[in-house]
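Text of the file upload-v8.cif, holding mmCIF, C-alpha atoms; chains and numbers go by the auth columns:
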```cif
data_start
#
loop_
_atom_site.group_PDB
_atom_site.id
_atom_site.type_symbol
_atom_site.label_atom_id
_atom_site.label_comp_id
_atom_site.label_asym_id
_atom_site.label_seq_id
_atom_site.Cartn_x
_atom_site.Cartn_y
_atom_site.Cartn_z
_atom_site.B_iso_or_equiv
_atom_site.auth_seq_id
_atom_site.auth_asym_id
ATOM 1 C CA MET A 1 0.000 0.000 0.000 0.00 18 A
ATOM 2 C CA GLN A 2 1.338 3.440 -0.940 0.00 19 A
ATOM 3 C CA SER A 3 2.101 5.705 2.018 0.00 20 A
ATOM 4 C CA SER A 4 0.747 9.254 2.207 0.00 21 A
ATOM 5 C CA ALA A 5 4.303 10.599 1.842 0.00 22 A
ATOM 6 C CA GLU A 6 4.844 8.557 -1.320 0.00 23 A
ATOM 7 C CA ALA A 7 1.521 9.761 -2.724 0.00 24 A
ATOM 8 C CA VAL A 8 2.457 13.395 -2.082 0.00 25 A
ATOM 9 C CA SER A 9 5.887 12.865 -3.665 0.00 26 A
ATOM 10 C CA GLN A 10 4.367 11.250 -6.754 0.00 27 A
ATOM 11 C CA LYS A 11 1.814 14.032 -7.131 0.00 28 A
ATOM 12 C CA SER A 12 4.568 16.638 -6.795 0.00 29 A
ATOM 13 C CA SER A 13 6.646 14.841 -9.439 0.00 30 A
ATOM 14 C CA LEU A 14 3.704 14.794 -11.842 0.00 31 A
ATOM 15 C CA ALA A 15 3.059 18.497 -11.240 0.00 32 A
ATOM 16 C CA ASP A 16 6.746 19.263 -11.862 0.00 33 A
ATOM 17 C CA ARG A 17 6.667 17.327 -15.131 0.00 34 A
ATOM 18 C CA ALA A 18 3.512 19.122 -16.271 0.00 35 A
ATOM 19 C CA TYR A 19 5.036 22.449 -15.271 0.00 36 A
ATOM 20 C CA GLU A 20 8.225 21.903 -17.271 0.00 37 A
ATOM 21 C CA ILE A 21 6.357 20.769 -20.388 0.00 38 A
ATOM 22 C CA LEU A 22 3.850 23.622 -20.294 0.00 39 A
ATOM 23 C CA ARG A 23 6.482 26.241 -19.434 0.00 40 A
ATOM 24 C CA HIS A 24 8.535 25.264 -22.474 0.00 41 A
ATOM 25 C CA ARG A 25 5.519 25.383 -24.755 0.00 42 A
ATOM 26 C CA LEU A 26 4.554 28.793 -23.425 0.00 43 A
ATOM 27 C CA ILE A 27 7.981 30.417 -23.748 0.00 44 A
ATOM 28 C CA MET A 28 8.488 28.995 -27.245 0.00 45 A
ATOM 29 C CA LEU A 29 4.978 30.201 -28.185 0.00 46 A
ATOM 30 C CA ASP A 30 3.829 26.676 -29.047 0.00 47 A
ATOM 31 C CA ILE A 31 0.906 27.819 -26.928 0.00 48 A
ATOM 32 C CA ALA A 32 0.248 31.212 -28.481 0.00 49 A
ATOM 33 C CA PRO A 33 -0.360 34.332 -26.384 0.00 50 A
ATOM 34 C CA GLY A 34 -4.028 34.536 -25.461 0.00 51 A
ATOM 35 C CA ASP A 35 -4.741 30.869 -26.179 0.00 52 A
ATOM 36 C CA PRO A 36 -7.000 29.099 -23.663 0.00 53 A
ATOM 37 C CA ILE A 37 -5.462 26.359 -21.542 0.00 54 A
ATOM 38 C CA ASN A 38 -7.562 23.202 -21.742 0.00 55 A
ATOM 39 C CA GLU A 39 -7.012 21.372 -18.435 0.00 56 A
ATOM 40 C CA ALA A 40 -8.930 18.266 -19.492 0.00 57 A
ATOM 41 C CA GLY A 41 -7.072 18.055 -22.790 0.00 58 A
ATOM 42 C CA LEU A 42 -3.685 18.468 -21.120 0.00 59 A
ATOM 43 C CA SER A 43 -4.578 15.907 -18.462 0.00 60 A
ATOM 44 C CA ALA A 44 -5.338 13.358 -21.163 0.00 61 A
ATOM 45 C CA GLU A 45 -2.335 14.271 -23.324 0.00 62 A
ATOM 46 C CA LEU A 46 0.199 14.188 -20.500 0.00 63 A
ATOM 47 C CA ASP A 47 -1.472 11.235 -18.771 0.00 64 A
ATOM 48 C CA VAL A 48 -1.705 12.995 -15.416 0.00 65 A
ATOM 49 C CA GLY A 49 -4.641 13.972 -13.233 0.00 66 A
ATOM 50 C CA ARG A 50 -6.274 17.365 -13.184 0.00 67 A
ATOM 51 C CA THR A 51 -4.708 18.221 -9.808 0.00 68 A
ATOM 52 C CA PRO A 52 -1.073 18.176 -11.055 0.00 69 A
ATOM 53 C CA ILE A 53 -2.161 20.258 -14.061 0.00 70 A
ATOM 54 C CA ARG A 54 -3.767 22.838 -11.790 0.00 71 A
ATOM 55 C CA GLU A 55 -0.705 22.930 -9.532 0.00 72 A
ATOM 56 C CA ALA A 56 1.491 23.491 -12.588 0.00 73 A
ATOM 57 C CA LEU A 57 -0.763 26.294 -13.815 0.00 74 A
ATOM 58 C CA LYS A 58 -0.549 28.035 -10.429 0.00 75 A
ATOM 59 C CA ARG A 59 3.226 28.079 -10.727 0.00 76 A
ATOM 60 C CA LEU A 60 3.024 29.304 -14.313 0.00 77 A
ATOM 61 C CA GLU A 61 0.732 32.117 -13.239 0.00 78 A
ATOM 62 C CA SER A 62 3.309 33.268 -10.689 0.00 79 A
ATOM 63 C CA ASP A 63 5.837 33.182 -13.566 0.00 80 A
ATOM 64 C CA HIS A 64 3.537 35.534 -15.543 0.00 81 A
ATOM 65 C CA LEU A 65 3.190 32.940 -18.295 0.00 82 A
ATOM 66 C CA VAL A 66 -0.523 32.279 -17.824 0.00 83 A
ATOM 67 C CA VAL A 67 -3.392 34.298 -16.397 0.00 84 A
ATOM 68 C CA SER A 68 -6.592 32.980 -14.807 0.00 85 A
ATOM 69 C CA TYR A 69 -9.992 34.626 -14.800 0.00 86 A
ATOM 70 C CA PRO A 70 -12.908 33.586 -12.579 0.00 87 A
ATOM 71 C CA ARG A 71 -15.547 31.648 -14.538 0.00 88 A
ATOM 72 C CA ARG A 72 -13.578 32.121 -17.770 0.00 89 A
ATOM 73 C CA GLY A 73 -10.597 29.846 -17.313 0.00 90 A
ATOM 74 C CA THR A 74 -6.832 30.077 -17.783 0.00 91 A
ATOM 75 C CA PHE A 75 -5.084 31.574 -20.793 0.00 92 A
ATOM 76 C CA ALA A 76 -1.533 32.011 -22.028 0.00 93 A
ATOM 77 C CA SER A 77 -0.499 35.512 -21.032 0.00 94 A
ATOM 78 C CA ASN A 78 -0.077 38.108 -23.731 0.00 95 A
ATOM 79 C CA VAL A 79 3.415 39.194 -24.741 0.00 96 A
ATOM 80 C CA ASP A 80 3.675 42.822 -23.716 0.00 97 A
ATOM 81 C CA LEU A 81 6.438 44.452 -25.729 0.00 98 A
ATOM 82 C CA LYS A 82 6.524 47.316 -23.242 0.00 99 A
ATOM 83 C CA ASP A 83 8.040 44.879 -20.737 0.00 100 A
ATOM 84 C CA LEU A 84 11.261 44.718 -22.736 0.00 101 A
ATOM 85 C CA SER A 85 12.800 47.741 -20.999 0.00 102 A
ATOM 86 C CA THR A 86 12.200 46.479 -17.466 0.00 103 A
ATOM 87 C CA ILE A 87 13.293 42.943 -18.327 0.00 104 A
ATOM 88 C CA SER A 88 16.513 44.174 -19.964 0.00 105 A
ATOM 89 C CA GLU A 89 17.173 46.542 -17.061 0.00 106 A
ATOM 90 C CA MET A 90 17.147 43.655 -14.585 0.00 107 A
ATOM 91 C CA ARG A 91 19.025 41.241 -16.825 0.00 108 A
ATOM 92 C CA GLU A 92 21.827 43.739 -17.452 0.00 109 A
ATOM 93 C CA VAL A 93 22.458 43.740 -13.701 0.00 110 A
ATOM 94 C CA LEU A 94 21.929 40.048 -12.963 0.00 111 A
ATOM 95 C CA GLU A 95 23.442 38.312 -16.005 0.00 112 A
ATOM 96 C CA PRO A 96 26.988 39.576 -15.261 0.00 113 A
ATOM 97 C CA ILE A 97 26.632 38.359 -11.667 0.00 114 A
ATOM 98 C CA ALA A 98 25.530 34.940 -12.895 0.00 115 A
ATOM 99 C CA ALA A 99 28.375 34.701 -15.406 0.00 116 A
ATOM 100 C CA ARG A 100 30.971 35.701 -12.797 0.00 117 A
ATOM 101 C CA LYS A 101 29.645 33.148 -10.305 0.00 118 A
ATOM 102 C CA ALA A 102 29.682 30.493 -13.026 0.00 119 A
ATOM 103 C CA ALA A 103 33.365 31.262 -13.630 0.00 120 A
ATOM 104 C CA LEU A 104 34.084 30.939 -9.910 0.00 121 A
ATOM 105 C CA ASN A 105 32.088 27.739 -9.505 0.00 122 A
ATOM 106 C CA LEU A 106 33.587 25.655 -12.302 0.00 123 A
ATOM 107 C CA THR A 107 33.947 21.959 -11.571 0.00 124 A
ATOM 108 C CA PRO A 108 35.526 19.399 -13.918 0.00 125 A
ATOM 109 C CA GLU A 109 32.042 18.239 -14.939 0.00 126 A
ATOM 110 C CA ARG A 110 30.825 21.779 -15.576 0.00 127 A
ATOM 111 C CA ARG A 111 33.974 22.565 -17.522 0.00 128 A
ATOM 112 C CA ARG A 112 33.221 19.635 -19.823 0.00 129 A
ATOM 113 C CA ASP A 113 29.648 20.896 -20.244 0.00 130 A
ATOM 114 C CA PHE A 114 30.859 24.379 -21.173 0.00 131 A
ATOM 115 C CA GLU A 115 33.422 22.996 -23.632 0.00 132 A
ATOM 116 C CA ALA A 116 30.775 20.790 -25.261 0.00 133 A
ATOM 117 C CA THR A 117 28.396 23.745 -25.545 0.00 134 A
ATOM 118 C CA ILE A 118 31.059 25.898 -27.211 0.00 135 A
ATOM 119 C CA ALA A 119 31.686 23.091 -29.721 0.00 136 A
ATOM 120 C CA ASP A 120 27.944 22.890 -30.421 0.00 137 A
ATOM 121 C CA LEU A 121 27.748 26.649 -30.999 0.00 138 A
ATOM 122 C CA ARG A 122 30.678 26.541 -33.418 0.00 139 A
ATOM 123 C CA ALA A 123 28.909 23.755 -35.336 0.00 140 A
ATOM 124 C CA LEU A 124 25.740 25.788 -35.940 0.00 141 A
ATOM 125 C CA LYS A 125 24.855 26.332 -39.591 0.00 142 A
ATOM 126 C CA GLU A 126 23.055 29.114 -41.412 0.00 143 A
ATOM 127 C CA THR A 127 20.598 26.490 -42.607 0.00 144 A
ATOM 128 C CA ASP A 128 19.590 25.506 -39.072 0.00 145 A
ATOM 129 C CA GLU A 129 15.936 26.117 -38.280 0.00 146 A
ATOM 130 C CA PRO A 130 15.197 29.193 -36.121 0.00 147 A
ATOM 131 C CA ARG A 131 13.472 26.909 -33.612 0.00 148 A
ATOM 132 C CA ALA A 132 16.634 24.837 -33.179 0.00 149 A
ATOM 133 C CA LEU A 133 18.700 28.000 -32.730 0.00 150 A
ATOM 134 C CA MET A 134 16.336 29.283 -30.046 0.00 151 A
ATOM 135 C CA GLU A 135 16.508 25.945 -28.244 0.00 152 A
ATOM 136 C CA ARG A 136 20.295 26.264 -28.272 0.00 153 A
ATOM 137 C CA ASP A 137 20.053 29.815 -26.885 0.00 154 A
ATOM 138 C CA LEU A 138 17.931 28.554 -24.004 0.00 155 A
ATOM 139 C CA GLU A 139 20.377 25.741 -23.280 0.00 156 A
ATOM 140 C CA VAL A 140 23.296 28.170 -23.051 0.00 157 A
ATOM 141 C CA HIS A 141 21.530 30.399 -20.565 0.00 158 A
ATOM 142 C CA ARG A 142 20.332 27.443 -18.481 0.00 159 A
ATOM 143 C CA LEU A 143 23.887 26.088 -18.356 0.00 160 A
ATOM 144 C CA ILE A 144 25.167 29.366 -16.935 0.00 161 A
ATOM 145 C CA TYR A 145 22.267 29.717 -14.498 0.00 162 A
ATOM 146 C CA SER A 146 22.705 26.163 -13.212 0.00 163 A
ATOM 147 C CA SER A 147 26.307 27.041 -12.300 0.00 164 A
ATOM 148 C CA VAL A 148 25.569 29.992 -10.004 0.00 165 A
ATOM 149 C CA ASP A 149 24.880 27.741 -6.977 0.00 166 A
ATOM 150 C CA ASN A 150 22.258 30.193 -5.759 0.00 167 A
ATOM 151 C CA PRO A 151 18.676 28.918 -6.157 0.00 168 A
ATOM 152 C CA HIS A 152 17.117 32.349 -5.648 0.00 169 A
ATOM 153 C CA LEU A 153 19.305 33.998 -8.272 0.00 170 A
ATOM 154 C CA MET A 154 18.776 31.081 -10.656 0.00 171 A
ATOM 155 C CA GLU A 155 14.978 31.250 -10.255 0.00 172 A
ATOM 156 C CA THR A 156 14.946 34.974 -10.997 0.00 173 A
ATOM 157 C CA LEU A 157 17.239 34.615 -14.007 0.00 174 A
ATOM 158 C CA VAL A 158 15.192 31.774 -15.508 0.00 175 A
ATOM 159 C CA ARG A 159 11.964 33.718 -15.069 0.00 176 A
ATOM 160 C CA LEU A 160 13.385 36.814 -16.763 0.00 177 A
ATOM 161 C CA ASP A 161 14.936 34.762 -19.561 0.00 178 A
ATOM 162 C CA ASP A 162 11.615 33.010 -20.154 0.00 179 A
ATOM 163 C CA LEU A 163 9.844 36.342 -20.591 0.00 180 A
ATOM 164 C CA ALA A 164 12.617 37.655 -22.833 0.00 181 A
ATOM 165 C CA THR A 165 12.492 34.482 -24.942 0.00 182 A
ATOM 166 C CA ARG A 166 8.753 34.939 -25.557 0.00 183 A
ATOM 167 C CA ILE A 167 9.423 38.406 -26.992 0.00 184 A
ATOM 168 C CA TRP A 168 12.354 37.011 -28.989 0.00 185 A
ATOM 169 C CA CYS A 169 10.220 34.211 -30.490 0.00 186 A
ATOM 170 C CA LEU A 170 7.562 36.743 -31.452 0.00 187 A
ATOM 171 C CA VAL A 171 9.944 38.674 -33.695 0.00 188 A
ATOM 172 C CA ILE A 172 12.197 35.869 -35.015 0.00 189 A
ATOM 173 C CA PRO A 173 11.108 36.404 -38.651 0.00 190 A
ATOM 174 C CA ARG A 174 12.407 39.978 -38.412 0.00 191 A
ATOM 175 C CA ILE A 175 15.828 39.098 -36.939 0.00 192 A
ATOM 176 C CA PRO A 176 18.434 39.469 -39.721 0.00 193 A
ATOM 177 C CA ASP A 177 21.246 37.487 -38.050 0.00 194 A
ATOM 178 C CA LEU A 178 19.791 35.081 -35.507 0.00 195 A
ATOM 179 C CA ILE A 179 22.726 32.682 -35.693 0.00 196 A
ATOM 180 C CA GLY A 180 25.122 35.566 -35.089 0.00 197 A
ATOM 181 C CA HIS A 181 23.315 36.435 -31.876 0.00 198 A
ATOM 182 C CA ILE A 182 23.500 32.830 -30.685 0.00 199 A
ATOM 183 C CA ARG A 183 27.224 32.618 -31.499 0.00 200 A
ATOM 184 C CA GLU A 184 27.877 35.706 -29.372 0.00 201 A
ATOM 185 C CA HIS A 185 27.750 33.317 -26.425 0.00 202 A
ATOM 186 C CA ILE A 186 31.057 31.730 -27.456 0.00 203 A
ATOM 187 C CA ASP A 187 33.192 34.617 -26.151 0.00 204 A
ATOM 188 C CA LEU A 188 31.204 34.634 -22.917 0.00 205 A
ATOM 189 C CA LEU A 189 31.554 30.893 -22.356 0.00 206 A
ATOM 190 C CA GLU A 190 35.274 30.947 -23.158 0.00 207 A
ATOM 191 C CA SER A 191 35.775 33.762 -20.654 0.00 208 A
ATOM 192 C CA ILE A 192 33.964 31.712 -18.028 0.00 209 A
ATOM 193 C CA LEU A 193 36.280 28.767 -18.721 0.00 210 A
ATOM 194 C CA GLU A 194 39.315 31.041 -18.416 0.00 211 A
ATOM 195 C CA GLY A 195 38.025 32.467 -15.132 0.00 212 A
ATOM 196 C CA LYS A 196 38.363 36.046 -16.354 0.00 213 A
ATOM 197 C CA GLU A 197 35.843 37.703 -14.057 0.00 214 A
ATOM 198 C CA SER A 198 35.958 41.219 -15.500 0.00 215 A
ATOM 199 C CA ALA A 199 35.771 39.943 -19.085 0.00 216 A
ATOM 200 C CA VAL A 200 32.931 37.605 -18.148 0.00 217 A
ATOM 201 C CA GLU A 201 30.889 40.416 -16.667 0.00 218 A
ATOM 202 C CA ALA A 202 31.554 42.677 -19.643 0.00 219 A
ATOM 203 C CA HIS A 203 30.541 39.994 -22.159 0.00 220 A
ATOM 204 C CA ALA A 204 27.352 39.176 -20.248 0.00 221 A
ATOM 205 C CA ALA A 205 26.261 42.813 -19.983 0.00 222 A
ATOM 206 C CA GLU A 206 27.057 43.473 -23.640 0.00 223 A
ATOM 207 C CA HIS A 207 25.058 40.422 -24.699 0.00 224 A
ATOM 208 C CA VAL A 208 21.979 41.756 -22.895 0.00 225 A
ATOM 209 C CA ARG A 209 22.436 45.197 -24.447 0.00 226 A
ATOM 210 C CA GLU A 210 22.774 43.685 -27.929 0.00 227 A
ATOM 211 C CA PHE A 211 19.700 41.551 -27.309 0.00 228 A
ATOM 212 C CA ASP A 212 17.702 44.628 -26.352 0.00 229 A
ATOM 213 C CA LYS A 213 19.051 46.614 -29.301 0.00 230 A
ATOM 214 C CA THR A 214 18.273 43.812 -31.780 0.00 231 A
ATOM 215 C CA LEU A 215 14.728 43.421 -30.525 0.00 232 A
ATOM 216 C CA ARG A 216 14.031 47.139 -30.603 0.00 233 A
ATOM 217 C CA SER A 217 15.283 47.312 -34.178 0.00 234 A
ATOM 218 C CA ALA A 218 13.051 44.371 -35.148 0.00 235 A
ATOM 219 C CA LEU A 219 10.019 45.972 -33.485 0.00 236 A
ATOM 220 C CA ARG A 220 10.236 49.217 -35.480 0.00 237 A
#
```

With the file now loaded, output its structure as structure tokens.
Amino acid sequence: MQSSAEAVSQKSSLADRAYEILRHRLIMLDIAPGDPINEAGLSAELDVGRTPIREALKRLESDHLVVSYPRRGTFASNVDLKDLSTISEMREVLEPIAARKAALNLTPERRRDFEATIADLRALKETDEPRALMERDLEVHRLIYSSVDNPHLMETLVRLDDLATRIWCLVIPRIPDLIGHIREHIDLLESILEGKESAVEAHAAEHVREFDKTLRSALR
């Protein structure tokens, strides 16, 4: 017979799985802004109960990725382009901190992960699909964030990057050099491997500024 603790743990695991799947779909705009969230459909698709779905949606609402209305249901939040300034303002402060901490917290395993990621970035091709390039961009940021060894900083960085990625995905067709933006990470990652704290911070801040500049140009 399953204990109450095991039941709670299983339910939490199911909610976490639903959360990760839905979060990725929302930030990549697979679930378009304004689309309704069908709890019954998701429950059937993901083969989980309605309770884990609802728990996942509560977390996503706190992430500003969905919004719930009484008697109307839950919807994917709209992408507000006016949020770009405030998101970039925070990221320009926090991304350099994250990159510096990543440089200080390198382990042999993390070093191998960074080296493999650099090799992957160098192997990108102009013919690669924009979706694949965006997935790579997310992976780079998550690698850095996972190396900060500060769960509160990591949570904030991921949330901001998710919101920034939604704006990014919205304007991808108007980005003239998407692969160039993704490859900008190479200098940053190499600086992290070399432990050059000042260079790491400078590269991270410049990347955020270029991101903001590129998006603003695309939105004109």

Legend entry - Option closest in space to A:Leu39, from A:Leu155, A:Ala61, A:Leu121, A:Leu74 [counting only C-alpha atoms]: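 Among A:Leu155, A:Ala61, A:Leu121, A:Leu74, it is A:Leu74 that comes nearest to A:Leu39.
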
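One distance worth recording is that between atom CA of A:Glu37 and atom CA of A:Asn167, which is 20.0 Å.
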
Inset, instruction - List the neighbours of A:Ile184 out to 7 Å using only C-alpha atoms; skip same-chain residues closer than 4 positions along the sequence, and give me the result as number ranges by chain. - result: A: 96, 98, 180, 188

A:Phe92 environment, 7 Å, all atoms listed in the file, sequence neighbours closer than 4 positions dropped, as a PDB file with C-alpha atoms, in the frame of the given file:
```
ATOM      1  CA  GLY A  51      -4.028  34.536 -25.461  1.00  0.00           C
ATOM      2  CA  ASP A  52      -4.741  30.869 -26.179  1.00  0.00           C
ATOM      3  CA  PRO A  53      -7.000  29.099 -23.663  1.00  0.00           C
ATOM      4  CA  ILE A  54      -5.462  26.359 -21.542  1.00  0.00           C
ATOM      5  CA  VAL A  83      -0.523  32.279 -17.824  1.00  0.00           C
ATOM      6  CA  VAL A  84      -3.392  34.298 -16.397  1.00  0.00           C
ATOM      7  CA  SER A  85      -6.592  32.980 -14.807  1.00  0.00           C
TER       8      SER A  85
END
```

Legend entry - From A:Ser163, A:Thr103, A:Ser208, A:Thr231, residue lying nearest A:Ile189 [all atoms listed in the file]: A:Thr231

Inset, instruction - Tell me, in Å to one decimal, how far atom CA of A:Leu174 is from atom CA of A:Lys75. - result: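 These atoms are spaced 19.3 Å apart.
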
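You will find atom CA of A:His202 at 9.6 Å from atom CA of A:Thr134.
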
Inset, instruction - Using all atoms listed in the file, find the one residue out of A:Met107, A:Leu141, A:Val217, A:Ile44 that sits nearest to A:Leu187. - result: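 Once distances to A:Leu187 are computed over all atoms listed in the file, the minimum belongs to A:Ile44.
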
Show me, as a PDB file with C-alpha atoms, in the coordinates of the input, the residues that have an atom within 12 Å of A:Glu211 when counting only C-alpha atoms, minus same-chain residues fewer than 3 positions from it.
```
ATOM      1  CA  ALA A 116      28.375  34.701 -15.406  1.00  0.00           C
ATOM      2  CA  ARG A 117      30.971  35.701 -12.797  1.00  0.00           C
ATOM      3  CA  ALA A 119      29.682  30.493 -13.026  1.00  0.00           C
ATOM      4  CA  ALA A 120      33.365  31.262 -13.630  1.00  0.00           C
ATOM      5  CA  LEU A 121      34.084  30.939  -9.910  1.00  0.00           C
ATOM      6  CA  ASN A 122      32.088  27.739  -9.505  1.00  0.00           C
ATOM      7  CA  LEU A 123      33.587  25.655 -12.302  1.00  0.00           C
ATOM      8  CA  ARG A 128      33.974  22.565 -17.522  1.00  0.00           C
ATOM      9  CA  PHE A 131      30.859  24.379 -21.173  1.00  0.00           C
ATOM     10  CA  GLU A 132      33.422  22.996 -23.632  1.00  0.00           C
ATOM     11  CA  ASP A 204      33.192  34.617 -26.151  1.00  0.00           C
ATOM     12  CA  LEU A 205      31.204  34.634 -22.917  1.00  0.00           C
ATOM     13  CA  LEU A 206      31.554  30.893 -22.356  1.00  0.00           C
ATOM     14  CA  GLU A 207      35.274  30.947 -23.158  1.00  0.00           C
ATOM     15  CA  SER A 208      35.775  33.762 -20.654  1.00  0.00           C
ATOM     16  CA  GLU A 214      35.843  37.703 -14.057  1.00  0.00           C
ATOM     17  CA  SER A 215      35.958  41.219 -15.500  1.00  0.00           C
ATOM     18  CA  ALA A 216      35.771  39.943 -19.085  1.00  0.00           C
ATOM     19  CA  VAL A 217      32.931  37.605 -18.148  1.00  0.00           C
TER      20      VAL A 217
END
```

Inset, instruction - Could you give me, as a PyMOL selection string, the residues within 12 Å of A:Ser234, counting all atoms listed in the file and dropping anything in the same chain fewer than 3 positions from it? - result: chain A and resi 185+188-189+191-193+227-231+237

Inset, instruction - Determine the residue set returned by the PyMOL selection byres ((chain A and resi 147) around 10) for the present structure, and present it as an MDAnalysis selection string. - result: chainID A and resid 143:146 148:153 186 189:190 192 195:196

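Among the candidate residues A:Ala181, A:Leu170, A:Ile209, A:Leu232, the one lying nearest to A:Asp100 is A:Ala181, with distances computed using all atoms listed in the file.
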
Inset, instruction - Please provide as number ranges by chain all residues within 7 Å of A:Pro50, with the sequence filter that same-chain residues fewer than 5 positions apart are discarded (counting only C-alpha atoms). - result: A: 93-96

Is there a way to complete stretch 62-78 of chain A with N, CA, C and O atoms and then write that out as a PDB file, in the coordinates of the input?
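Contents of the output file result_25.pdb:
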```
ATOM      1  N   GLU A  62      -3.551  14.320 -22.506  1.00  0.00           N
ATOM      2  CA  GLU A  62      -2.335  14.271 -23.324  1.00  0.00           C
ATOM      3  C   GLU A  62      -1.113  13.861 -22.515  1.00  0.00           C
ATOM      4  O   GLU A  62      -0.291  13.046 -22.962  1.00  0.00           O
ATOM      5  N   LEU A  63      -0.981  14.438 -21.321  1.00  0.00           N
ATOM      6  CA  LEU A  63       0.199  14.188 -20.500  1.00  0.00           C
ATOM      7  C   LEU A  63       0.029  12.982 -19.580  1.00  0.00           C
ATOM      8  O   LEU A  63       0.965  12.615 -18.864  1.00  0.00           O
ATOM      9  N   ASP A  64      -1.174  12.410 -19.587  1.00  0.00           N
ATOM     10  CA  ASP A  64      -1.472  11.235 -18.771  1.00  0.00           C
ATOM     11  C   ASP A  64      -1.238  11.503 -17.288  1.00  0.00           C
ATOM     12  O   ASP A  64      -0.595  10.729 -16.573  1.00  0.00           O
ATOM     13  N   VAL A  65      -1.747  12.645 -16.838  1.00  0.00           N
ATOM     14  CA  VAL A  65      -1.705  12.995 -15.416  1.00  0.00           C
ATOM     15  C   VAL A  65      -3.094  13.488 -15.015  1.00  0.00           C
ATOM     16  O   VAL A  65      -3.913  13.842 -15.858  1.00  0.00           O
ATOM     17  N   GLY A  66      -3.349  13.515 -13.716  1.00  0.00           N
ATOM     18  CA  GLY A  66      -4.641  13.972 -13.233  1.00  0.00           C
ATOM     19  C   GLY A  66      -4.803  15.478 -13.356  1.00  0.00           C
ATOM     20  O   GLY A  66      -3.860  16.210 -13.672  1.00  0.00           O
ATOM     21  N   ARG A  67      -6.007  15.928 -13.100  1.00  0.00           N
ATOM     22  CA  ARG A  67      -6.274  17.365 -13.184  1.00  0.00           C
ATOM     23  C   ARG A  67      -5.547  18.145 -12.082  1.00  0.00           C
ATOM     24  O   ARG A  67      -5.172  19.298 -12.285  1.00  0.00           O
ATOM     25  N   THR A  68      -5.355  17.510 -10.923  1.00  0.00           N
ATOM     26  CA  THR A  68      -4.708  18.221  -9.808  1.00  0.00           C
ATOM     27  C   THR A  68      -3.273  18.634 -10.137  1.00  0.00           C
ATOM     28  O   THR A  68      -2.899  19.798  -9.925  1.00  0.00           O
ATOM     29  N   PRO A  69      -2.422  17.733 -10.668  1.00  0.00           N
ATOM     30  CA  PRO A  69      -1.073  18.176 -11.055  1.00  0.00           C
ATOM     31  C   PRO A  69      -1.089  19.274 -12.113  1.00  0.00           C
ATOM     32  O   PRO A  69      -0.247  20.179 -12.084  1.00  0.00           O
ATOM     33  N   ILE A  70      -2.048  19.211 -13.045  1.00  0.00           N
ATOM     34  CA  ILE A  70      -2.161  20.258 -14.061  1.00  0.00           C
ATOM     35  C   ILE A  70      -2.467  21.594 -13.395  1.00  0.00           C
ATOM     36  O   ILE A  70      -1.850  22.624 -13.725  1.00  0.00           O
ATOM     37  N   ARG A  71      -3.399  21.589 -12.471  1.00  0.00           N
ATOM     38  CA  ARG A  71      -3.767  22.838 -11.790  1.00  0.00           C
ATOM     39  C   ARG A  71      -2.616  23.388 -10.961  1.00  0.00           C
ATOM     40  O   ARG A  71      -2.409  24.595 -10.894  1.00  0.00           O
ATOM     41  N   GLU A  72      -1.862  22.483 -10.314  1.00  0.00           N
ATOM     42  CA  GLU A  72      -0.705  22.930  -9.532  1.00  0.00           C
ATOM     43  C   GLU A  72       0.345  23.552 -10.454  1.00  0.00           C
ATOM     44  O   GLU A  72       0.967  24.572 -10.113  1.00  0.00           O
ATOM     45  N   ALA A  73       0.538  22.942 -11.614  1.00  0.00           N
ATOM     46  CA  ALA A  73       1.491  23.491 -12.588  1.00  0.00           C
ATOM     47  C   ALA A  73       1.037  24.862 -13.065  1.00  0.00           C
ATOM     48  O   ALA A  73       1.855  25.786 -13.199  1.00  0.00           O
ATOM     49  N   LEU A  74      -0.240  25.016 -13.319  1.00  0.00           N
ATOM     50  CA  LEU A  74      -0.763  26.294 -13.815  1.00  0.00           C
ATOM     51  C   LEU A  74      -0.625  27.397 -12.767  1.00  0.00           C
ATOM     52  O   LEU A  74      -0.390  28.556 -13.112  1.00  0.00           O
ATOM     53  N   LYS A  75      -0.750  27.036 -11.491  1.00  0.00           N
ATOM     54  CA  LYS A  75      -0.549  28.035 -10.429  1.00  0.00           C
ATOM     55  C   LYS A  75       0.878  28.561 -10.463  1.00  0.00           C
ATOM     56  O   LYS A  75       1.122  29.763 -10.308  1.00  0.00           O
ATOM     57  N   ARG A  76       1.826  27.664 -10.646  1.00  0.00           N
ATOM     58  CA  ARG A  76       3.226  28.079 -10.727  1.00  0.00           C
ATOM     59  C   ARG A  76       3.460  28.940 -11.962  1.00  0.00           C
ATOM     60  O   ARG A  76       4.177  29.949 -11.916  1.00  0.00           O
ATOM     61  N   LEU A  77       2.858  28.555 -13.068  1.00  0.00           N
ATOM     62  CA  LEU A  77       3.024  29.304 -14.313  1.00  0.00           C
ATOM     63  C   LEU A  77       2.389  30.690 -14.217  1.00  0.00           C
ATOM     64  O   LEU A  77       2.870  31.637 -14.839  1.00  0.00           O
ATOM     65  N   GLU A  78       1.344  30.793 -13.426  1.00  0.00           N
ATOM     66  CA  GLU A  78       0.732  32.117 -13.239  1.00  0.00           C
ATOM     67  C   GLU A  78       1.668  33.019 -12.444  1.00  0.00           C
ATOM     68  O   GLU A  78       1.799  34.212 -12.742  1.00  0.00           O
TER      69      GLU A  78
END
```
